[in-house]
Amino acid sequence: MGLREVIKPRLQDLVMGMMDDLRPDTIEVAEGCVLEVGFGTGRNLGLYPPGVKSVTGVDPLVTDGVAKVEERIAKAPFPVERTALRADGALPFDAGRFDTVVTTWTLCSIPDAAKALAEMRRVLKPGGRYVFIEHGRSERESTARWQDRINPIWLKIGDGCNINRKIDQLVEGGGFEMTSLDRFTGRGPSIFAALYRGVATRA
Ligand SMILES: C[S@@+](CC[C@H](N)C(=O)[O-])C[C@H]1O[C@@H](n2cnc3c(N)ncnc32)[C@H](O)[C@@H]1O
């Protein structure tokens, strides 16, 4: 294992901890068998409500042996299956297997987000819900222009993160029907702070 593989999950865990106060309103909506795409370091695990039966996490990030992640998995009151896998390939799950699909700050980083959303829709049962909190393109034109300017550079230094994606359009384009969408500004520089919190169902 190289230095990058050692540092990356620990650094990501540190940075993503800054979003923790924004997670509960999204995660509390989950129920049943959950697929969490972009599982990361498992920061959502402690927030799932009692109605959650299992969590399956997919993420190309390898976190085996990272103490905090192992601890979160061990503490979860439901089975957790973690798979080092990209979500924008074919997911190894039957159609309609999951009651809920969750993403938190992940659609920005998936190279082919449309393909991932199509897979997420396929494995979600009819009537199941996709719940998310994501950052993306700002509603303010001047900020959005800056996001377009900075995105090519940020993609390189931000480990594949896009700051200008129209999350609502991506989700709806992936065959989901939005049942609620809250757009608001989080902390920090405005180009990173345009947030989308939503719940969607299979259209
Ligand atoms: C900003 S982090 C968020 C992690 C976690 N969801 C959280 O809220 O702390 C983005 C995550 O997306 C994951 N990711 C990148 N490309 C992916 C892909 N193709 N499929 C699934 N996850 C991916 C990254 O490895 C990373 O863990």
# chains A, B, ... in the order shown; residues from 1 in each chain; ligands from 1
$ residues_around --residues "region 12-15 of chain A" --least-positions-apart "3" --cutoff "12 Å" --atoms "only C-alpha atoms" --output "list in words"
Arg4, Glu5, Val6, Ile7, Lys8, Pro9, Met18, Met19, Asp20, Gly38, Phe39, Gly40, Thr41, Gly42, Arg43, Asn44, Leu61, Val62, Thr63, Val66, Ala67, Lys68, Val69, Trp105, Gly158 and Asp159 of chain A
$ residues_around --residues "region 76-92 of chain A" --least-positions-apart "2" --cutoff "8 Å" --atoms "only C-alpha atoms" --output "list of chain:residue names"
A:Val37, A:Gly38, A:Phe39, A:Leu45, A:Gly46, A:Val52, A:Lys53, A:Ser54, A:Val55, A:Thr56, A:Gly57, A:Val58, A:Asp59, A:Pro60, A:Leu61, A:Val62, A:Arg72, A:Ile73, A:Ala74, A:Asp94, A:Ile110, A:Pro111, A:Asp112, A:Ala113, A:Ala114, A:Lys115, A:Ala116, A:Leu117, A:Glu119
$ atom_distance --atom1 "CA of Tyr48 (chain A)" --atom2 "CA of Glu172 (chain A)"
25.0 Å
$ atom_distance --atom1 "CA of Leu155 (chain A)" --atom2 "CA of Ser109 (chain A)"
8.7 Å
$ closest_residue --among "A:Arg202, A:Arg10, A:Arg122, A:Arg137" --to "ligand 1" --atoms "only C-alpha atoms and all ligand atoms"
A:Arg10
$ closest_residue --among "A:Lys156, A:His135, A:Arg97, A:Arg129" --to "Gly188 (chain A)" --atoms "only C-alpha atoms"
A:His135
$ closest_residue --among "A:Met120, A:Cys161, A:Leu11, A:Ile150" --to "ligand 1" --atoms "only C-alpha atoms and all ligand atoms"
A:Cys161
$ closest_residue --among "A:Glu134, A:Asp99, A:Asp25, A:Asp64" --to "ligand 1" --atoms "only C-alpha atoms and all ligand atoms"
A:Glu134
$ atom_distance --atom1 "CA of Thr143 (chain A)" --atom2 "CA of Lys166 (chain A)"
13.2 Å
$ select_by_dssp --residues "chain A" --states "strand (DSSP E or B)" --output "ChimeraX atom specification"
/A:32-37,52-58,80-83,98-104,124-135,176-185,194-202
$ closest_residue --among "A:Ile163, A:Ala95, A:Val131, A:Ile157" --to "Asp182 (chain A)" --atoms "only C-alpha atoms"
A:Val131
$ closest_residue --among "A:Gly175, A:Gly160, A:Gly128, A:Pro24" --to "ligand 1" --atoms "only C-alpha atoms and all ligand atoms"
A:Gly160
$ select_by_dssp --residues "region 59-175 of chain A" --states "helix (DSSP H, G or I)" --output "ChimeraX atom specification"
/A:67-75,113-123,141-157,167-173
$ write_last_selection --atoms "N, CA and C atoms" --output "short mmCIF file (atom, residue, chain, number, x, y, z; two decimals), in the first residue's frame"
data_model
loop_
_atom_site.label_atom_id
_atom_site.label_comp_id
_atom_site.auth_asym_id
_atom_site.auth_seq_id
_atom_site.Cartn_x
_atom_site.Cartn_y
_atom_site.Cartn_z
N ALA A 67 -8.81 2.74 11.22
CA ALA A 67 -9.41 2.48 12.53
C ALA A 67 -10.80 3.11 12.70
N LYS A 68 -10.93 4.38 12.32
CA LYS A 68 -12.22 5.05 12.55
C LYS A 68 -13.34 4.40 11.73
N VAL A 69 -12.99 3.97 10.53
CA VAL A 69 -14.00 3.35 9.66
C VAL A 69 -14.40 1.99 10.24
N GLU A 70 -13.42 1.20 10.64
CA GLU A 70 -13.71 -0.12 11.22
C GLU A 70 -14.57 0.04 12.48
N GLU A 71 -14.27 1.07 13.25
CA GLU A 71 -15.02 1.34 14.48
C GLU A 71 -16.49 1.67 14.16
N ARG A 72 -16.69 2.53 13.16
CA ARG A 72 -18.07 2.91 12.79
C ARG A 72 -18.84 1.69 12.32
N ILE A 73 -18.18 0.83 11.53
CA ILE A 73 -18.86 -0.37 11.03
C ILE A 73 -19.18 -1.31 12.20
N ALA A 74 -18.24 -1.47 13.10
CA ALA A 74 -18.44 -2.38 14.24
C ALA A 74 -19.58 -1.90 15.14
N LYS A 75 -19.72 -0.58 15.27
CA LYS A 75 -20.74 -0.02 16.16
C LYS A 75 -22.15 -0.03 15.55
N ALA A 113 -21.61 10.47 -13.81
CA ALA A 113 -22.70 10.53 -12.81
C ALA A 113 -24.01 10.02 -13.41
N ALA A 114 -24.22 10.25 -14.71
CA ALA A 114 -25.47 9.80 -15.35
C ALA A 114 -25.56 8.27 -15.32
N LYS A 115 -24.44 7.63 -15.59
CA LYS A 115 -24.42 6.15 -15.58
C LYS A 115 -24.67 5.63 -14.15
N ALA A 116 -24.04 6.30 -13.17
CA ALA A 116 -24.23 5.89 -11.78
C ALA A 116 -25.70 6.05 -11.38
N LEU A 117 -26.31 7.15 -11.79
CA LEU A 117 -27.72 7.37 -11.43
C LEU A 117 -28.62 6.32 -12.09
N ALA A 118 -28.28 5.92 -13.31
CA ALA A 118 -29.07 4.89 -13.99
C ALA A 118 -28.96 3.57 -13.21
N GLU A 119 -27.78 3.25 -12.72
CA GLU A 119 -27.60 2.03 -11.93
C GLU A 119 -28.33 2.14 -10.58
N MET A 120 -28.24 3.33 -9.98
CA MET A 120 -28.92 3.54 -8.70
C MET A 120 -30.43 3.35 -8.87
N ARG A 121 -30.95 3.84 -9.98
CA ARG A 121 -32.38 3.71 -10.25
C ARG A 121 -32.75 2.24 -10.46
N ARG A 122 -31.88 1.53 -11.18
CA ARG A 122 -32.15 0.12 -11.47
C ARG A 122 -32.25 -0.72 -10.19
N VAL A 123 -31.35 -0.46 -9.25
CA VAL A 123 -31.31 -1.31 -8.05
C VAL A 123 -32.28 -0.83 -6.95
N GLU A 141 -25.91 33.61 -10.78
CA GLU A 141 -25.21 33.56 -12.07
C GLU A 141 -23.72 33.89 -11.93
N SER A 142 -23.41 34.92 -11.11
CA SER A 142 -22.00 35.34 -11.00
C SER A 142 -21.17 34.22 -10.36
N THR A 143 -21.74 33.56 -9.36
CA THR A 143 -21.01 32.45 -8.70
C THR A 143 -20.87 31.29 -9.69
N ALA A 144 -21.93 31.01 -10.43
CA ALA A 144 -21.89 29.89 -11.39
C ALA A 144 -20.81 30.13 -12.45
N ARG A 145 -20.66 31.39 -12.84
CA ARG A 145 -19.60 31.70 -13.84
C ARG A 145 -18.22 31.40 -13.26
N TRP A 146 -18.03 31.76 -11.98
CA TRP A 146 -16.75 31.46 -11.32
C TRP A 146 -16.54 29.96 -11.20
N GLN A 147 -17.64 29.26 -10.93
CA GLN A 147 -17.53 27.79 -10.82
C GLN A 147 -17.07 27.20 -12.16
N ASP A 148 -17.62 27.73 -13.25
CA ASP A 148 -17.20 27.22 -14.58
C ASP A 148 -15.72 27.52 -14.85
N ARG A 149 -15.28 28.71 -14.42
CA ARG A 149 -13.87 29.07 -14.65
C ARG A 149 -12.93 28.17 -13.84
N ILE A 150 -13.31 27.94 -12.59
CA ILE A 150 -12.39 27.25 -11.67
C ILE A 150 -12.49 25.72 -11.79
N ASN A 151 -13.59 25.22 -12.32
CA ASN A 151 -13.80 23.76 -12.31
C ASN A 151 -12.65 22.95 -12.94
N PRO A 152 -12.11 23.37 -14.10
CA PRO A 152 -11.05 22.54 -14.70
C PRO A 152 -9.83 22.40 -13.79
N ILE A 153 -9.52 23.45 -13.04
CA ILE A 153 -8.36 23.39 -12.12
C ILE A 153 -8.73 22.55 -10.89
N TRP A 154 -9.94 22.83 -10.36
CA TRP A 154 -10.37 22.14 -9.14
C TRP A 154 -10.49 20.62 -9.37
N LEU A 155 -10.92 20.25 -10.58
CA LEU A 155 -11.03 18.81 -10.91
C LEU A 155 -9.70 18.11 -10.66
N LYS A 156 -8.61 18.82 -10.98
CA LYS A 156 -7.28 18.21 -10.83
C LYS A 156 -6.83 18.21 -9.37
N ILE A 157 -7.00 19.37 -8.70
CA ILE A 157 -6.49 19.40 -7.31
C ILE A 157 -7.50 18.84 -6.30
N ILE A 167 -27.16 19.49 -10.04
CA ILE A 167 -27.53 18.23 -9.39
C ILE A 167 -29.00 17.88 -9.64
N ASP A 168 -29.88 18.87 -9.55
CA ASP A 168 -31.31 18.57 -9.75
C ASP A 168 -31.57 18.02 -11.15
N GLN A 169 -30.92 18.62 -12.14
CA GLN A 169 -31.12 18.16 -13.51
C GLN A 169 -30.53 16.77 -13.73
N LEU A 170 -29.38 16.53 -13.10
CA LEU A 170 -28.76 15.20 -13.20
C LEU A 170 -29.68 14.13 -12.64
N VAL A 171 -30.24 14.42 -11.46
CA VAL A 171 -31.10 13.43 -10.78
C VAL A 171 -32.35 13.17 -11.62
N GLU A 172 -32.98 14.25 -12.07
CA GLU A 172 -34.20 14.07 -12.87
C GLU A 172 -33.89 13.40 -14.21
N GLY A 173 -32.75 13.75 -14.78
CA GLY A 173 -32.33 13.14 -16.06
C GLY A 173 -32.04 11.65 -15.89
#
